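Novice: Pasting structure_12.txt here (compact mmCIF, C-alpha atoms):
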# COMPACT_ATOMS: atom_id res chain seq x y z
CA MET A 1 42.19 42.53 -37.26
CA ALA A 2 39.74 40.26 -35.58
CA SER A 3 36.13 40.80 -36.48
CA LEU A 4 33.53 41.84 -33.94
CA LYS A 5 32.13 38.36 -33.86
CA ASP A 6 35.55 36.87 -33.12
CA LEU A 7 36.04 39.30 -30.27
CA ARG A 8 32.64 38.47 -28.83
CA ASN A 9 33.49 34.80 -28.93
CA ARG A 10 36.83 35.33 -27.27
CA ILE A 11 35.33 37.39 -24.48
CA ALA A 12 32.76 34.68 -23.88
CA SER A 13 35.38 31.96 -23.75
CA VAL A 14 37.66 33.87 -21.38
CA LYS A 15 34.65 34.50 -19.17
CA ALA A 16 33.93 30.78 -19.09
CA THR A 17 37.53 30.07 -18.14
CA GLN A 18 37.37 32.67 -15.41
CA LYS A 19 34.32 31.01 -13.94
CA ILE A 20 36.13 27.70 -13.81
CA THR A 21 39.26 29.08 -12.18
CA LYS A 22 37.14 30.96 -9.68
CA ALA A 23 35.27 27.80 -8.76
CA MET A 24 38.54 25.90 -8.44
CA GLN A 25 39.91 28.56 -6.17
CA MET A 26 36.92 28.34 -3.90
CA VAL A 27 37.09 24.56 -3.77
CA ALA A 28 40.78 24.77 -2.93
CA ALA A 29 40.08 27.30 -0.20
CA ALA A 30 37.51 25.02 1.40
CA LYS A 31 39.80 22.01 1.17
CA LEU A 32 42.73 24.02 2.43
CA ARG A 33 41.02 24.72 5.72
CA ARG A 34 40.44 21.05 6.33
CA ALA A 35 43.93 20.07 5.19
CA GLN A 36 45.51 22.74 7.31
CA MET A 37 43.61 21.53 10.36
CA ALA A 38 44.68 17.96 9.70
CA ALA A 39 48.30 18.99 9.27
CA GLU A 40 48.25 21.04 12.43
CA SER A 41 46.59 18.38 14.55
CA ALA A 42 49.18 15.86 13.41
CA ARG A 43 52.03 18.11 14.47
CA PRO A 44 51.94 17.47 18.25
CA TYR A 45 52.32 13.74 17.70
CA ALA A 46 55.22 14.14 15.30
CA GLU A 47 56.96 16.60 17.61
CA ARG A 48 56.54 14.50 20.73
CA MET A 49 57.64 11.44 18.80
CA ALA A 50 60.77 13.29 17.75
CA THR A 51 61.57 14.16 21.37
CA VAL A 52 61.05 10.62 22.60
CA MET A 53 63.09 9.31 19.68
CA ALA A 54 65.92 11.69 20.44
CA ASN A 55 65.96 10.79 24.13
CA LEU A 56 65.94 7.11 23.29
CA SER A 57 68.52 7.03 20.59
CA VAL A 58 71.23 9.18 22.15
CA PRO A 59 72.74 6.29 24.16
CA PHE A 60 72.93 4.21 20.99
CA ILE A 61 74.80 6.64 18.80
CA GLY A 62 78.16 5.38 17.69
CA LYS A 63 77.74 2.08 19.53
CA GLU A 64 77.82 -1.43 18.21
CA GLY A 65 74.57 -3.31 18.00
CA ALA A 66 72.35 -0.32 17.38
CA PRO A 67 69.30 -1.15 15.25
CA VAL A 68 69.97 -0.67 11.53
CA LEU A 69 67.04 1.68 11.07
CA LEU A 70 68.80 4.04 13.45
CA ALA A 71 72.44 3.45 12.61
CA GLY A 72 72.09 2.61 8.93
CA THR A 73 73.92 -0.14 7.11
CA GLY A 74 77.26 1.56 7.43
CA ARG A 75 77.41 2.24 3.70
CA ASP A 76 76.02 5.02 1.62
CA GLN A 77 76.24 3.57 -1.85
CA VAL A 78 72.59 3.21 -2.80
CA HIS A 79 70.32 6.16 -2.12
CA LEU A 80 66.56 5.97 -2.18
CA LEU A 81 64.68 9.20 -2.76
CA LEU A 82 61.12 9.10 -1.52
CA VAL A 83 59.49 11.90 -3.48
CA CYS A 84 56.05 12.98 -2.31
CA THR A 85 54.09 15.25 -4.61
CA ALA A 86 50.46 15.93 -5.36
CA ASP A 87 48.40 13.88 -7.79
CA ARG A 88 46.85 16.80 -9.56
CA GLY A 89 48.26 19.77 -11.37
CA LEU A 90 47.01 23.33 -11.66
CA CYS A 91 48.72 24.34 -8.48
CA GLY A 92 51.49 26.59 -9.70
CA ALA A 93 55.07 25.54 -9.16
CA PHE A 94 54.18 23.29 -6.23
CA ASN A 95 54.95 19.92 -7.82
CA SER A 96 57.80 21.04 -10.00
CA SER A 97 59.66 22.65 -7.11
CA ILE A 98 59.62 19.38 -5.14
CA ALA A 99 60.64 17.44 -8.23
CA ARG A 100 63.41 19.91 -8.95
CA LYS A 101 64.80 19.58 -5.45
CA ALA A 102 64.80 15.79 -5.79
CA ARG A 103 66.35 15.98 -9.24
CA ASP A 104 69.18 18.22 -8.08
CA HIS A 105 69.86 15.91 -5.17
CA ALA A 106 69.88 12.90 -7.49
CA ASN A 107 72.22 14.57 -9.98
CA ARG A 108 74.63 15.44 -7.20
CA LEU A 109 74.64 11.85 -5.95
CA LEU A 110 75.08 10.47 -9.46
CA ALA A 111 78.02 12.81 -10.00
CA GLU A 112 79.58 11.34 -6.86
CA GLY A 113 79.23 7.89 -8.36
CA LYS A 114 76.42 6.76 -6.08
CA GLU A 115 73.44 4.72 -7.11
CA VAL A 116 70.05 6.43 -7.04
CA LYS A 117 66.58 4.97 -6.80
CA PHE A 118 63.27 6.75 -6.75
CA PHE A 119 60.14 5.92 -4.83
CA CYS A 120 57.43 8.23 -6.12
CA VAL A 121 54.31 9.08 -4.17
CA GLY A 122 51.92 11.14 -6.24
CA GLN A 123 51.28 11.23 -9.95
CA LYS A 124 52.84 14.58 -10.81
CA GLY A 125 56.28 13.97 -9.41
CA TYR A 126 56.29 10.58 -11.07
CA ASP A 127 55.50 12.13 -14.45
CA VAL A 128 58.40 14.56 -14.18
CA LEU A 129 60.97 12.11 -12.84
CA ARG A 130 59.98 9.39 -15.27
CA ARG A 131 61.09 11.62 -18.10
CA ILE A 132 64.49 12.42 -16.58
CA PHE A 133 65.36 9.17 -14.79
CA PRO A 134 63.34 6.48 -16.55
CA LYS A 135 65.44 3.60 -15.22
CA HIS A 136 65.79 4.73 -11.63
CA ILE A 137 62.18 4.59 -10.51
CA VAL A 138 61.54 1.48 -8.44
CA GLU A 139 58.18 2.20 -6.86
CA PHE A 140 55.20 4.40 -7.55
CA VAL A 141 52.13 5.01 -5.42
CA SER A 142 49.26 7.23 -6.44
CA GLN A 143 46.82 8.65 -3.94
CA ARG A 144 44.36 9.78 -6.54
CA ALA A 145 41.61 7.53 -5.27
CA VAL A 146 42.13 8.52 -1.65
CA LYS A 147 39.78 11.23 -0.47
CA GLN A 148 41.40 12.12 2.81
CA ILE A 149 44.91 11.02 3.69
CA GLY A 150 44.84 8.84 6.77
CA TYR A 151 47.45 7.13 8.86
CA GLY A 152 46.81 3.95 6.89
CA GLU A 153 48.25 5.39 3.66
CA ALA A 154 51.42 6.44 5.41
CA GLU A 155 51.64 3.02 7.03
CA ALA A 156 51.45 1.28 3.66
CA ILE A 157 54.27 3.41 2.24
CA SER A 158 56.34 2.96 5.34
CA GLU A 159 55.90 -0.82 5.22
CA THR A 160 57.03 -0.96 1.60
CA LEU A 161 60.02 1.14 2.52
CA GLN A 162 60.96 -1.11 5.42
CA LEU A 163 60.60 -4.19 3.29
CA MET A 164 62.92 -2.74 0.68
CA PHE A 165 65.38 -1.78 3.37
CA ALA A 166 65.27 -5.25 4.88
CA ASN A 167 65.99 -6.68 1.44
CA GLY A 168 69.04 -4.46 1.23
CA ASP A 169 67.70 -2.46 -1.73
CA PHE A 170 69.16 0.78 -0.43
CA ASP A 171 71.40 2.23 2.28
CA VAL A 172 70.11 5.75 2.75
CA ALA A 173 66.56 7.01 2.37
CA THR A 174 65.66 10.66 1.96
CA LEU A 175 62.15 12.06 2.01
CA PHE A 176 61.20 14.94 -0.27
CA TYR A 177 58.06 16.93 0.43
CA SER A 178 56.83 20.46 0.70
CA GLN A 179 56.67 22.03 4.10
CA PHE A 180 53.52 24.06 4.59
CA LYS A 181 54.56 27.49 5.83
CA SER A 182 51.54 29.52 4.78
CA VAL A 183 49.06 29.73 1.94
CA ILE A 184 51.51 31.57 -0.25
CA SER A 185 54.69 29.88 0.89
CA GLN A 186 55.55 26.20 0.70
CA ILE A 187 59.13 25.15 1.12
CA PRO A 188 60.37 22.05 -0.68
CA THR A 189 62.24 20.09 1.96
CA ALA A 190 64.58 17.12 2.04
CA HIS A 191 64.65 15.03 5.18
CA GLN A 192 66.77 11.96 5.80
CA LEU A 193 64.71 9.04 7.08
CA ILE A 194 67.18 6.16 7.24
CA PRO A 195 69.50 6.26 9.09
CA ALA A 196 67.39 8.31 11.47
CA THR A 197 68.63 11.79 12.21
CA VAL A 198 68.79 13.00 15.77
CA PRO A 199 68.48 16.70 16.51
CA GLU A 200 71.71 18.16 17.81
CA GLY A 201 72.22 19.39 21.32
CA MET A 202 70.53 16.35 22.84
CA GLU A 203 73.65 15.28 24.72
CA THR A 204 72.26 15.12 28.21
CA ALA A 205 69.85 12.26 27.84
CA THR A 206 67.51 11.49 30.68
CA VAL A 207 68.16 8.15 32.31
CA TYR A 208 65.01 6.16 31.83
CA GLU A 209 63.55 3.02 33.21
CA TYR A 210 62.59 0.86 30.29
CA GLU A 211 59.65 -1.43 30.14
CA PRO A 212 60.26 -3.81 28.36
CA GLU A 213 63.91 -3.80 27.25
CA GLU A 214 65.47 -0.73 25.70
CA SER A 215 66.20 -2.46 22.41
CA GLU A 216 62.66 -3.82 22.21
CA ILE A 217 61.18 -0.37 22.64
CA LEU A 218 63.54 0.99 20.07
CA ALA A 219 62.59 -1.76 17.64
CA ASP A 220 58.97 -0.78 18.19
CA ILE A 221 59.40 2.97 17.96
CA LEU A 222 61.70 3.19 14.94
CA PRO A 223 59.28 1.86 12.32
CA ARG A 224 56.55 3.93 13.92
CA ASN A 225 58.69 7.02 13.74
CA LEU A 226 59.22 6.35 10.05
CA THR A 227 55.49 6.12 9.47
CA VAL A 228 54.83 9.29 11.42
CA GLN A 229 57.39 11.22 9.40
CA ILE A 230 55.81 10.05 6.16
CA PHE A 231 52.31 10.74 7.46
CA ARG A 232 53.31 14.23 8.41
CA ALA A 233 54.93 14.83 5.02
CA LEU A 234 51.77 13.69 3.25
CA LEU A 235 49.56 15.95 5.31
CA GLU A 236 51.84 18.95 4.87
CA ASN A 237 51.82 18.20 1.17
CA VAL A 238 48.04 18.19 0.94
CA ALA A 239 47.82 21.49 2.77
CA GLY A 240 50.59 22.94 0.60
CA GLU A 241 48.97 21.72 -2.58
CA MET A 242 45.69 23.36 -1.68
CA GLY A 243 47.43 26.58 -0.73
CA ALA A 244 49.40 26.65 -3.96
CA LYS A 245 46.30 25.80 -5.95
CA MET A 246 44.37 28.56 -4.29
CA SER A 247 46.91 31.23 -5.08
CA ALA A 248 47.50 29.89 -8.60
CA MET A 249 43.78 29.94 -9.32
CA ASP A 250 43.43 33.36 -7.76
CA ASN A 251 46.11 34.61 -10.15
CA ALA A 252 44.42 32.92 -13.08
CA THR A 253 41.09 34.52 -12.20
CA ARG A 254 42.70 37.93 -11.99
CA ASN A 255 44.52 37.47 -15.28
CA ALA A 256 41.31 36.40 -16.96
CA GLY A 257 39.64 39.53 -15.60
CA GLU A 258 42.38 41.71 -17.05
CA MET A 259 42.09 39.96 -20.37
CA ILE A 260 38.33 40.46 -20.43
CA ASP A 261 38.80 44.18 -19.74
CA LYS A 262 41.29 44.54 -22.56
CA LEU A 263 39.19 42.58 -25.01
CA THR A 264 36.10 44.56 -24.07
CA ILE A 265 37.93 47.83 -24.76
CA THR A 266 39.10 46.57 -28.15
CA TYR A 267 35.61 45.36 -28.89
CA ASN A 268 34.04 48.71 -28.02
CA ARG A 269 36.60 50.67 -30.03
CA GLN A 270 36.06 48.52 -33.03
CA ARG A 271 32.31 48.77 -32.78
CA GLN A 272 32.58 52.54 -32.50
CA ALA A 273 34.86 52.65 -35.54
CA GLN A 274 32.41 50.61 -37.52
CA ILE A 275 29.49 52.82 -36.58
CA THR A 276 31.49 55.95 -37.51
CA LYS A 277 32.42 54.35 -40.78
CA GLU A 278 28.82 53.52 -41.60
CA LEU A 279 27.71 57.03 -40.65
CA ILE A 280 30.31 58.58 -42.94
CA GLU A 281 29.14 56.33 -45.73
CA ILE A 282 25.53 57.37 -45.24
CA ILE A 283 26.36 61.08 -44.96
CA SER A 284 28.62 61.13 -47.96
CA GLY A 285 25.99 59.18 -49.87
CA ALA A 286 23.35 61.82 -48.96
CA GLU A 287 25.68 64.68 -49.93
CA ALA A 288 26.30 63.17 -53.35
CA LEU A 289 22.64 63.45 -54.14
CA MET B 1 48.57 16.69 45.71
CA ALA B 2 51.07 17.78 43.16
CA ASN B 3 49.92 17.80 39.57
CA PHE B 4 51.86 17.17 36.40
CA GLN B 5 51.40 17.81 32.72
CA PHE B 6 49.79 15.00 30.74
CA ASP B 7 49.45 14.85 26.96
CA LEU B 8 47.73 12.13 25.03
CA VAL B 9 48.23 12.30 21.29
CA SER B 10 47.30 10.03 18.42
CA PRO B 11 48.63 10.53 14.88
CA GLU B 12 45.42 12.27 13.87
CA ARG B 13 44.88 14.59 16.80
CA LEU B 14 45.72 15.76 20.28
CA LEU B 15 43.19 14.07 22.53
CA LEU B 16 44.05 15.46 25.92
CA SER B 17 46.43 17.97 27.32
CA ALA B 18 45.92 18.86 30.97
CA GLU B 19 47.39 19.12 34.44
CA VAL B 20 46.45 15.93 36.23
CA GLU B 21 47.09 14.15 39.49
CA GLU B 22 47.31 10.55 38.47
CA VAL B 23 47.32 8.54 35.27
CA VAL B 24 47.05 4.76 35.07
CA VAL B 25 48.82 3.42 32.01
CA PRO B 26 48.21 -0.04 30.50
CA GLY B 27 51.89 -0.94 30.07
CA SER B 28 52.78 -4.00 28.08
CA GLU B 29 54.22 -5.57 31.23
CA GLY B 30 51.34 -4.61 33.46
CA GLU B 31 49.36 -1.53 34.40
CA PHE B 32 51.17 1.14 36.31
CA GLY B 33 50.12 4.39 37.90
CA VAL B 34 52.02 7.60 37.33
CA LEU B 35 52.06 10.39 39.92
CA ALA B 36 54.03 13.61 39.93
CA GLU B 37 57.81 13.19 40.34
CA HIS B 38 57.70 9.68 38.97
CA THR B 39 61.10 8.42 37.86
CA PRO B 40 61.69 8.83 34.10
CA ILE B 41 60.24 5.86 32.28
CA ILE B 42 59.51 4.71 28.76
CA SER B 43 57.10 1.88 28.24
CA THR B 44 55.23 0.34 25.38
CA MET B 45 51.52 -0.20 25.89
CA ARG B 46 49.08 -2.97 25.18
CA PRO B 47 45.46 -2.27 24.17
CA GLY B 48 43.69 -1.01 27.25
CA LEU B 49 42.33 1.93 29.15
CA VAL B 50 44.25 5.00 30.19
CA ARG B 51 42.61 6.35 33.33
CA VAL B 52 43.06 9.94 34.36
CA ARG B 53 42.28 11.33 37.79
CA GLY B 54 42.33 14.71 39.47
CA GLY B 55 43.58 18.10 38.37
CA GLU B 56 41.91 19.74 35.41
CA ALA B 57 40.68 16.50 33.94
CA THR B 58 37.51 15.10 35.34
CA SER B 59 37.67 11.35 35.81
CA GLU B 60 38.15 10.09 32.28
CA ALA B 61 39.05 6.82 30.65
CA ILE B 62 40.48 6.64 27.17
CA TYR B 63 40.91 3.52 25.15
CA VAL B 64 44.27 3.12 23.43
CA ALA B 65 45.27 0.39 20.97
CA GLY B 66 48.91 0.27 21.92
CA GLY B 67 51.60 2.86 21.67
CA ILE B 68 54.28 4.35 23.86
CA ALA B 69 54.20 6.18 27.18
CA GLU B 70 57.07 8.41 28.21
CA PHE B 71 57.57 10.25 31.49
CA SER B 72 60.35 12.75 32.02
CA ASN B 73 60.75 16.22 33.52
CA ASN B 74 57.45 15.81 35.32
CA GLN B 75 55.61 15.44 32.06
CA LEU B 76 53.83 12.37 30.79
CA THR B 77 53.37 11.87 27.07
CA ILE B 78 51.39 9.04 25.60
CA LEU B 79 51.86 8.41 21.91
CA ALA B 80 48.89 6.24 21.12
CA GLU B 81 48.53 4.32 17.92
CA HIS B 82 44.81 4.74 17.94
CA ALA B 83 42.86 6.34 20.75
CA LEU B 84 39.22 6.99 21.59
CA PRO B 85 37.41 8.17 24.72
CA VAL B 86 35.56 5.21 26.19
CA SER B 87 32.31 7.14 25.90
CA GLU B 88 32.70 6.94 22.11
CA LEU B 89 33.22 3.18 22.10
CA ASP B 90 30.00 1.41 21.26
CA ALA B 91 29.88 -2.35 21.73
CA ASP B 92 27.14 -2.88 19.13
CA LYS B 93 28.92 -0.84 16.53
CA ILE B 94 32.18 -2.69 17.10
CA ALA B 95 30.42 -6.04 16.86
CA ALA B 96 28.88 -4.97 13.55
CA GLU B 97 32.25 -3.78 12.35
CA ILE B 98 33.88 -7.08 13.30
CA LYS B 99 31.32 -8.95 11.24
CA ASN B 100 31.98 -6.62 8.36
CA VAL B 101 35.72 -7.10 8.48
CA GLU B 102 35.35 -10.85 8.80
CA GLU B 103 33.38 -10.84 5.58
CA ASP B 104 36.11 -8.75 4.00
CA ILE B 105 38.66 -11.35 4.99
CA ALA B 106 36.54 -14.11 3.53
CA ASP B 107 36.18 -12.21 0.24
CA ALA B 108 39.74 -10.94 0.05
CA LYS B 109 41.48 -12.07 -3.10
CA ASP B 110 44.69 -10.20 -2.61
CA GLU B 111 47.17 -11.12 0.11
CA THR B 112 47.82 -7.53 1.22
CA VAL B 113 44.13 -6.70 1.45
CA ARG B 114 43.60 -9.72 3.67
CA ALA B 115 46.57 -8.89 5.86
CA LYS B 116 45.24 -5.37 6.35
CA ALA B 117 41.76 -6.59 7.19
CA GLU B 118 43.22 -9.03 9.69
CA ILE B 119 45.09 -6.27 11.45
CA ARG B 120 41.86 -4.30 11.62
CA LEU B 121 40.04 -7.32 12.98
CA ALA B 122 42.62 -7.86 15.70
CA ARG B 123 42.38 -4.22 16.65
CA LEU B 124 38.59 -4.31 16.81
CA LYS B 125 38.53 -7.52 18.83
CA ALA B 126 40.97 -6.03 21.30
CA SER B 127 38.74 -3.02 21.81
CA LEU B 128 35.53 -4.95 22.33
CA PRO B 129 35.92 -5.86 26.02
CA PHE B 130 36.50 -2.24 26.95
CA ALA B 131 33.33 -1.06 25.27
CA ASN B 132 31.30 -3.27 27.59
CA ALA B 133 33.21 -2.41 30.73
CA ARG B 134 32.16 1.18 30.84
Please go through the file and, once you have read it, give me the structure as structure tokens.
Specialist:
Amino acid sequence: MASLKDLRNRIASVKATQKITKAMQMVAAAKLRRAQMAAESARPYAERMATVMANLSVPFIGKEGAPVLLAGTGRDQVHLLLVCTADRGLCGAFNSSIARKARDHANRLLAEGKEVKFFCVGQKGYDVLRRIFPKHIVEFVSQRAVKQIGYGEAEAISETLQLMFANGDFDVATLFYSQFKSVISQIPTAHQLIPATVPEGMETATVYEYEPEESEILADILPRNLTVQIFRALLENVAGEMGAKMSAMDNATRNAGEMIDKLTITYNRQRQAQITKELIEIISGAEAL
Amino acid sequence: MANFQFDLVSPERLLLSAEVEEVVVPGSEGEFGVLAEHTPIISTMRPGLVRVRGGEATSEAIYVAGGIAEFSNNQLTILAEHALPVSELDADKIAAEIKNVEEDIADAKDETVRAKAEIRLARLKASLPFANAR
């Protein structure tokens, strides 16, 4: 049985922990609002870009001479998994669920005899994947020093990706990130980047006038589309991370509260027992006289 | 005059979404005006001013640093790489920024840092003339 002093110490330490988790929850809540706004204001661009992309690329599908970013290399031997996670932990299952999705995908590909490479964005996903696939990680970018994700960060990743693609390092690229649904729900998502996917049901393409040439516009828009997709994934990730962190910390605070209640009850009971014991000792001592 | 829907978006935010009468777009092969019922067109843009007239939007000019303009189904969408209302462009600030970036280039040790700074410099220089021509 723990002594009264031990119990007092434990209550104090759980209280300190609760204060920390509470503060972290509030910080996450404040950051979440900003991240959510950023993610939402980036959506129109990504959506419109997708429409334009779809309209543009329909005439090229299945034709010779389509740009490789759109049509792919024609092989699917080497797969690159671009795994975007957060840089910090303490956000529940957020990072591990993205990493798990990527891992399952990689295992499936390996079972099919394909080659798998990882491009990790974010410390946490890198830590997990490094343990499982130590030889498959080719690139790693951490955004720990970045305060607010801007278009520039996405551009840098996208450029690296394009360079690798141009060097023939991979045939298919898939992006893994967490889609921000709501504060309590983030959905780990896989999205194929290269070759570009075109939403179905876009058969009746509008006939456009192109200025300059069609292929030139396509060459301009494809890399940009890539960047936008990555940018969007990063923003959704930040919002998701903050949401997950908020609910994880909320849980932790509640659990700490429960623990304090329980410990306090034990403490009080024990104190009472001790007082009773002392009283009995005094009384029986007096009676003996 | 017939109006049409016009949206101007940059990666960071939606800058303008309104029913307008006419938009002048700085296409990479020359400026062109877009009115309602324009034939479907896709064009890349060079750095320049997007001018909006009529409809809900009061006469406004927005600086864009390149991007893509698309018109179809009586709806114009401009996907700008970087966009700012001209009223927020400040010639002095840009000049100061250019100096700053030039110093960065001079100090840059790393090839990628320099390349990035040079892109920024080009972007800033392109925007300078439009800050004066308000």
Novice: Determine, counting only C-alpha atoms, which protein, DNA and RNA residues have an atom within 12 Å of an atom of Asp250 in chain A; residues of the same chain fewer than 6 positions away are not included. Present the result as a PyMOL selection string.
Specialist: chain A and resi 18-29+90-92+183-184+242-244+256-257
Novice: Show me, as a Markdown table, the residues of chain A having an atom within 9 Å of chain B, each with the closest atom pair and its distance in Å, using all atoms listed in the file.
Specialist:
| residue | atom | partner | partner_atom | distance |
| --- | --- | --- | --- | --- |
| A:Ala38 | CA | B:Glu12 | CA | 7.1 |
| A:Ala39 | CA | B:Glu12 | CA | 8.6 |
| A:Glu40 | CA | B:Arg13 | CA | 8.5 |
| A:Ser41 | CA | B:Arg13 | CA | 4.7 |
| A:Ala42 | CA | B:Glu12 | CA | 5.2 |
| A:Arg43 | CA | B:Arg13 | CA | 8.3 |
| A:Pro44 | CA | B:Leu14 | CA | 6.8 |
| A:Tyr45 | CA | B:Val9 | CA | 5.6 |
| A:Ala46 | CA | B:Pro11 | CA | 7.5 |
| A:Arg48 | CA | B:Thr77 | CA | 7.6 |
| A:Met49 | CA | B:Leu79 | CA | 7.2 |
| A:Val52 | CA | B:Glu70 | CA | 7.2 |
| A:Leu56 | CA | B:Ile42 | CA | 8.8 |
| A:Gly150 | CA | B:Glu12 | CA | 7.9 |
| A:Tyr151 | CA | B:Pro11 | CA | 7.0 |
| A:Thr206 | CA | B:Pro40 | CA | 7.3 |
| A:Val207 | CA | B:Pro40 | CA | 6.7 |
| A:Tyr208 | CA | B:Ile41 | CA | 4.8 |
| A:Glu209 | CA | B:Ile41 | CA | 4.5 |
| A:Tyr210 | CA | B:Ile42 | CA | 5.2 |
| A:Glu211 | CA | B:Ser43 | CA | 4.6 |
| A:Pro212 | CA | B:Ser43 | CA | 6.5 |
| A:Glu213 | CA | B:Ser43 | CA | 8.9 |
| A:Glu214 | CA | B:Ile42 | CA | 8.6 |
| A:Ile217 | CA | B:Thr44 | CA | 6.6 |
| A:Asp220 | CA | B:Thr44 | CA | 8.2 |
| A:Ile221 | CA | B:Ile68 | CA | 7.9 |
| A:Arg224 | CA | B:Glu81 | CA | 9.0 |
| A:Val228 | CA | B:Pro11 | CA | 7.2 |
| A:Phe231 | CA | B:Pro11 | CA | 8.3 |
| A:Arg232 | CA | B:Pro11 | CA | 8.8 |
Novice: Could the residues in this selection be saved with C-alpha atoms as a JSON list (two decimals), keeping the file's coordinate frame?
Specialist:
[["chain", "number", "residue", "atom", "x", "y", "z"],
["A", 38, "ALA", "CA", 44.68, 17.96, 9.70],
["A", 39, "ALA", "CA", 48.30, 18.99, 9.27],
["A", 40, "GLU", "CA", 48.25, 21.04, 12.43],
["A", 41, "SER", "CA", 46.59, 18.38, 14.55],
["A", 42, "ALA", "CA", 49.18, 15.86, 13.41],
["A", 43, "ARG", "CA", 52.03, 18.11, 14.47],
["A", 44, "PRO", "CA", 51.94, 17.47, 18.25],
["A", 45, "TYR", "CA", 52.32, 13.74, 17.70],
["A", 46, "ALA", "CA", 55.22, 14.14, 15.30],
["A", 48, "ARG", "CA", 56.54, 14.50, 20.73],
["A", 49, "MET", "CA", 57.64, 11.44, 18.80],
["A", 52, "VAL", "CA", 61.05, 10.62, 22.60],
["A", 56, "LEU", "CA", 65.94, 7.11, 23.29],
["A", 150, "GLY", "CA", 44.84, 8.84, 6.77],
["A", 151, "TYR", "CA", 47.45, 7.13, 8.86],
["A", 206, "THR", "CA", 67.51, 11.49, 30.68],
["A", 207, "VAL", "CA", 68.16, 8.15, 32.31],
["A", 208, "TYR", "CA", 65.01, 6.16, 31.83],
["A", 209, "GLU", "CA", 63.55, 3.02, 33.21],
["A", 210, "TYR", "CA", 62.59, 0.86, 30.29],
["A", 211, "GLU", "CA", 59.65, -1.43, 30.14],
["A", 212, "PRO", "CA", 60.26, -3.81, 28.36],
["A", 213, "GLU", "CA", 63.91, -3.80, 27.25],
["A", 214, "GLU", "CA", 65.47, -0.73, 25.70],
["A", 217, "ILE", "CA", 61.18, -0.37, 22.64],
["A", 220, "ASP", "CA", 58.97, -0.78, 18.19],
["A", 221, "ILE", "CA", 59.40, 2.97, 17.96],
["A", 224, "ARG", "CA", 56.55, 3.93, 13.92],
["A", 228, "VAL", "CA", 54.83, 9.29, 11.42],
["A", 231, "PHE", "CA", 52.31, 10.74, 7.46],
["A", 232, "ARG", "CA", 53.31, 14.23, 8.41]]
Novice: Nearest to Pro195 in chain A: which of A:Ser247, A:Thr73, A:Thr17, A:Thr227 is it, counting only C-alpha atoms?
Specialist: A:Thr73
Novice: So that I can see what lies close to Pro85 in chain B, please list as a list of chain:residue names the residues with an atom at most 12 Å from it, counting all atoms listed in the file and leaving out residues fewer than 4 positions away in the same chain.
Specialist: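 The contact residues come out as B:Leu8, B:Ser10, B:Leu15, B:Leu16, B:Gly48, B:Leu49, B:Val50, B:Arg51, B:Val52, B:Ser59, B:Glu60, B:Ala61, B:Ile62, B:Tyr63, B:Val64, B:Ala65, B:Leu89, B:Asp90, B:Ser127, B:Phe130, B:Ala131, B:Arg134.
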Novice: Write the residues of the preceding selection, restricted to C-alpha atoms, as a short mmCIF file (atom, residue, chain, number, x, y, z; two decimals), keeping the file's coordinate frame.
Specialist:
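Result file out11.cif:
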data_model
loop_
_atom_site.label_atom_id
_atom_site.label_comp_id
_atom_site.auth_asym_id
_atom_site.auth_seq_id
_atom_site.Cartn_x
_atom_site.Cartn_y
_atom_site.Cartn_z
CA LEU B 8 47.73 12.13 25.03
CA SER B 10 47.30 10.03 18.42
CA LEU B 15 43.19 14.07 22.53
CA LEU B 16 44.05 15.46 25.92
CA GLY B 48 43.69 -1.01 27.25
CA LEU B 49 42.33 1.93 29.15
CA VAL B 50 44.25 5.00 30.19
CA ARG B 51 42.61 6.35 33.33
CA VAL B 52 43.06 9.94 34.36
CA SER B 59 37.67 11.35 35.81
CA GLU B 60 38.15 10.09 32.28
CA ALA B 61 39.05 6.82 30.65
CA ILE B 62 40.48 6.64 27.17
CA TYR B 63 40.91 3.52 25.15
CA VAL B 64 44.27 3.12 23.43
CA ALA B 65 45.27 0.39 20.97
CA LEU B 89 33.22 3.18 22.10
CA ASP B 90 30.00 1.41 21.26
CA SER B 127 38.74 -3.02 21.81
CA PHE B 130 36.50 -2.24 26.95
CA ALA B 131 33.33 -1.06 25.27
CA ARG B 134 32.16 1.18 30.84
#
Novice: Mind pulling up the distance from CA of Gln272 in chain A to CA of Arg10 in chain A?
Specialist: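 Result for CA of Arg10 in chain A versus CA of Gln272 in chain A: 18.5 Å, one decimal.
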Novice: Would you kindly return, as a PDB file with C-alpha atoms, keeping the file's coordinate frame, each protein, DNA or RNA residue with an atom no farther than 12 Å from any atom of Lys93 in chain B, considering only C-alpha atoms and excluding same-chain residues fewer than 4 positions away?
Specialist:
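Resulting contents of out-v7.pdb:
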ATOM      1  CA  GLU B  88      32.700   6.940  22.110  1.00  0.00           C
ATOM      2  CA  LEU B  89      33.220   3.180  22.100  1.00  0.00           C
ATOM      3  CA  GLU B  97      32.250  -3.780  12.350  1.00  0.00           C
ATOM      4  CA  ILE B  98      33.880  -7.080  13.300  1.00  0.00           C
ATOM      5  CA  LYS B  99      31.320  -8.950  11.240  1.00  0.00           C
ATOM      6  CA  ASN B 100      31.980  -6.620   8.360  1.00  0.00           C
ATOM      7  CA  LEU B 124      38.590  -4.310  16.810  1.00  0.00           C
ATOM      8  CA  LYS B 125      38.530  -7.520  18.830  1.00  0.00           C
ATOM      9  CA  SER B 127      38.740  -3.020  21.810  1.00  0.00           C
ATOM     10  CA  LEU B 128      35.530  -4.950  22.330  1.00  0.00           C
ATOM     11  CA  ALA B 131      33.330  -1.060  25.270  1.00  0.00           C
ATOM     12  CA  ASN B 132      31.300  -3.270  27.590  1.00  0.00           C
TER      13      ASN B 132
END
